[in-house]
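Student: I have a structure here, written as structure tokens, and I will follow up with some questions on it.
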Amino acid sequence: MTRLALGGITHRRGARTVLAGVDAAFESGRLTAVIGPNGAGKSTLLAIAAGLLRPDAGTITLDERAIRAIPPRELAAVRAYLPQSPRAEWPVRVERLVALGLSQHLPVFGPLPGRWRLAVSGALARFDLIALRDRPATRLSGGELARAMLARAVVGEPRVLIVDEPSAGLDPRHAHEAARQLRALADDGCAVVVALHDLDLVSRIADDVVALKDGRLHASGPAEAVLTEPTLGALYDMPVRVDRAGGRASVRFGD
Ligand SMILES: Nc1ncnc2c1ncn2[C@@H]1O[C@H](COP(=O)(O)OP(=O)(O)OP(=O)(O)O)[C@@H](O)[C@H]1O
């Protein structure tokens with residue numbers, strides 16, 4: 001059982017407070033969606049949860065240990081983080097790009113151990129990248145690169161996976177497939193945290209929702225308790241209609 005807990009997170013950028021006293025907890029086997037308007041603080045919260053950005057105040061603990069006290073290689077072996085719109089900086093082949101997600105597990109010298117070669121093939125298959133495995137990453141479309149980056153994030157079998165807007169740039173089939181894979185990772189016991197704008201997708205895959213507005217916690221809890229007309233209407237400052245069928249919410253904005 002893994003638990004990543006954030007307590008009283010406050011963060012300033014220049015003179016502006018972009019997160020103010022935010023609490024959240026992410027657990028094994030659960031997928032938490034972080035939602036909210038542009039600029040609400042979702043990416044900032046995710047980078048802080050990943051231990052990559054130090055907040056001005058508050059605590060971040062991974063299984064009761066302060067995240068700052070965990071050595072970087074150890075942290076990298078248990079949590080993976082994928083930022084919004086990742087870029088390929090050099091023409092590494094897709095297969096190798098995915099294998100880079102294993103660097104914290106590998107011996108310094110020698111070939112890839114068998115277990116991890118299988119993990120790379122599995123991640124390529126999972127994100128529909130087999131046909132692209134030899135393509136330089138700099139020659140992928142935005143959506144193809146997003147899939148390759150997702151494969152790199154999950155190949156090391158992280159216990160905590162933090163992903164910022166994974167469906168941005170993906171066509172409907174691959175967005176659906178990426179969401180299904182994130183859900184499957186949570187079902188396999190990973191604590192999955194995903195910033196998402198697509199609320200129908202949130203309703204389909206999330207157990208819990210953390211809703212941020214102007215850097216504050218607007219609402220949090222089980223998805224069905226947060227995805228309601230009053231909560232979403234106040235979150236986005238616009239009329240919203242939520243229809244429920246078969247346990248899923250369909251969310252429509254506007255009059
Ligand atoms: N590098 C930075 N320097 C200064 N301000 C920043 C920086 N990055 C983000 N901000 C500001 O911090 C606030 C929170 O930004 P953040 O990216 O966390 O929001 P977000 O909820 O992820 O937004 P979006 O939905 O647009 O991705 C915003 O007001 C943003 O303008």
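We name chains A, B, ... following the order of the structure tokens; residues begin at 1 in each chain, and ligands are numbered from 1 as shown.
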Can you list, as JSON, numbers by chain, every protein, DNA or RNA residue that comes within 12 Å of Ala20 of chain A when you count only C-alpha atoms, leaving out same-chain residues fewer than 2 positions away?
Tutor: {"A": [7, 8, 9, 10, 11, 12, 13, 16, 17, 18, 22, 23, 40, 41, 44, 45, 55, 56, 57, 58, 212, 213, 214, 215, 216, 217, 218]}
Student: For Thr228 of chain A, find every residue with an atom within 10 Å (counting only C-alpha atoms), except residues of its own chain fewer than 2 positions away, and show them as a PDB file with N, CA and C atoms, in the first residue's frame.
Tutor:
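Once written, selection_30.pdb looks like this:
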```
ATOM      1  N   ALA A 223     -15.466  10.716  -7.041  1.00  0.00           N
ATOM      2  CA  ALA A 223     -15.830  11.408  -8.282  1.00  0.00           C
ATOM      3  C   ALA A 223     -17.311  11.769  -8.324  1.00  0.00           C
ATOM      4  N   GLU A 224     -18.178  10.848  -7.910  1.00  0.00           N
ATOM      5  CA  GLU A 224     -19.615  11.130  -8.050  1.00  0.00           C
ATOM      6  C   GLU A 224     -20.060  12.254  -7.113  1.00  0.00           C
ATOM      7  N   ALA A 225     -19.283  12.478  -6.029  1.00  0.00           N
ATOM      8  CA  ALA A 225     -19.658  13.549  -5.098  1.00  0.00           C
ATOM      9  C   ALA A 225     -19.175  14.915  -5.595  1.00  0.00           C
ATOM     10  N   VAL A 226     -18.127  14.919  -6.431  1.00  0.00           N
ATOM     11  CA  VAL A 226     -17.567  16.195  -6.908  1.00  0.00           C
ATOM     12  C   VAL A 226     -18.170  16.589  -8.256  1.00  0.00           C
ATOM     13  N   PRO A 230     -23.928  21.806  -8.985  1.00  0.00           N
ATOM     14  CA  PRO A 230     -23.523  22.970  -8.174  1.00  0.00           C
ATOM     15  C   PRO A 230     -21.995  23.101  -8.061  1.00  0.00           C
ATOM     16  N   THR A 231     -21.323  21.985  -7.846  1.00  0.00           N
ATOM     17  CA  THR A 231     -19.859  22.053  -7.645  1.00  0.00           C
ATOM     18  C   THR A 231     -19.150  22.468  -8.934  1.00  0.00           C
ATOM     19  N   LEU A 232     -19.536  21.879 -10.063  1.00  0.00           N
ATOM     20  CA  LEU A 232     -18.865  22.202 -11.328  1.00  0.00           C
ATOM     21  C   LEU A 232     -19.256  23.597 -11.821  1.00  0.00           C
ATOM     22  N   GLY A 233     -20.507  23.966 -11.614  1.00  0.00           N
ATOM     23  CA  GLY A 233     -20.948  25.299 -12.027  1.00  0.00           C
ATOM     24  C   GLY A 233     -20.150  26.373 -11.307  1.00  0.00           C
ATOM     25  N   VAL A 240     -23.887  24.404 -16.001  1.00  0.00           N
ATOM     26  CA  VAL A 240     -23.448  23.065 -16.400  1.00  0.00           C
ATOM     27  C   VAL A 240     -24.590  22.096 -16.165  1.00  0.00           C
ATOM     28  N   ARG A 241     -24.660  21.111 -17.035  1.00  0.00           N
ATOM     29  CA  ARG A 241     -25.676  20.072 -16.885  1.00  0.00           C
ATOM     30  C   ARG A 241     -24.941  18.742 -16.726  1.00  0.00           C
ATOM     31  N   VAL A 242     -25.285  18.002 -15.692  1.00  0.00           N
ATOM     32  CA  VAL A 242     -24.676  16.689 -15.471  1.00  0.00           C
ATOM     33  C   VAL A 242     -25.763  15.633 -15.590  1.00  0.00           C
ATOM     34  N   ASP A 243     -25.610  14.746 -16.573  1.00  0.00           N
ATOM     35  CA  ASP A 243     -26.560  13.640 -16.712  1.00  0.00           C
ATOM     36  C   ASP A 243     -25.862  12.358 -16.304  1.00  0.00           C
ATOM     37  N   ARG A 244     -26.554  11.574 -15.523  1.00  0.00           N
ATOM     38  CA  ARG A 244     -25.958  10.313 -15.076  1.00  0.00           C
ATOM     39  C   ARG A 244     -26.678   9.144 -15.716  1.00  0.00           C
ATOM     40  N   ALA A 249     -21.109  10.083 -15.403  1.00  0.00           N
ATOM     41  CA  ALA A 249     -21.682  11.405 -15.600  1.00  0.00           C
ATOM     42  C   ALA A 249     -21.325  11.891 -16.996  1.00  0.00           C
ATOM     43  N   VAL A 251     -21.137  15.458 -18.891  1.00  0.00           N
ATOM     44  CA  VAL A 251     -21.098  16.854 -18.445  1.00  0.00           C
ATOM     45  C   VAL A 251     -21.195  17.768 -19.657  1.00  0.00           C
TER      46      VAL A 251
END
```
Student: Can you list every residue in segment 28-160 of chain A that DSSP puts in helix (DSSP H, G or I), as a count of residues only?
Tutor: 62
Student: Please determine, counting only C-alpha atoms and all ligand atoms, which residue among A:Ala168, A:Val160, A:Cys190, A:Ala24 has the shortest atom-to-atom distance to ligand 1.
Tutor: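 Looking only at the distances to ligand 1, the closest residue turns out to be A:Ala168.
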Student: From the options A:Ile60, A:Ile35, A:Ala191, A:Val155, which residue's atoms come nearest to Tyr236 of chain A, counting only C-alpha atoms?
Tutor: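 When distances to Tyr236 of chain A are compared using only C-alpha atoms, the smallest one comes from A:Ile35.
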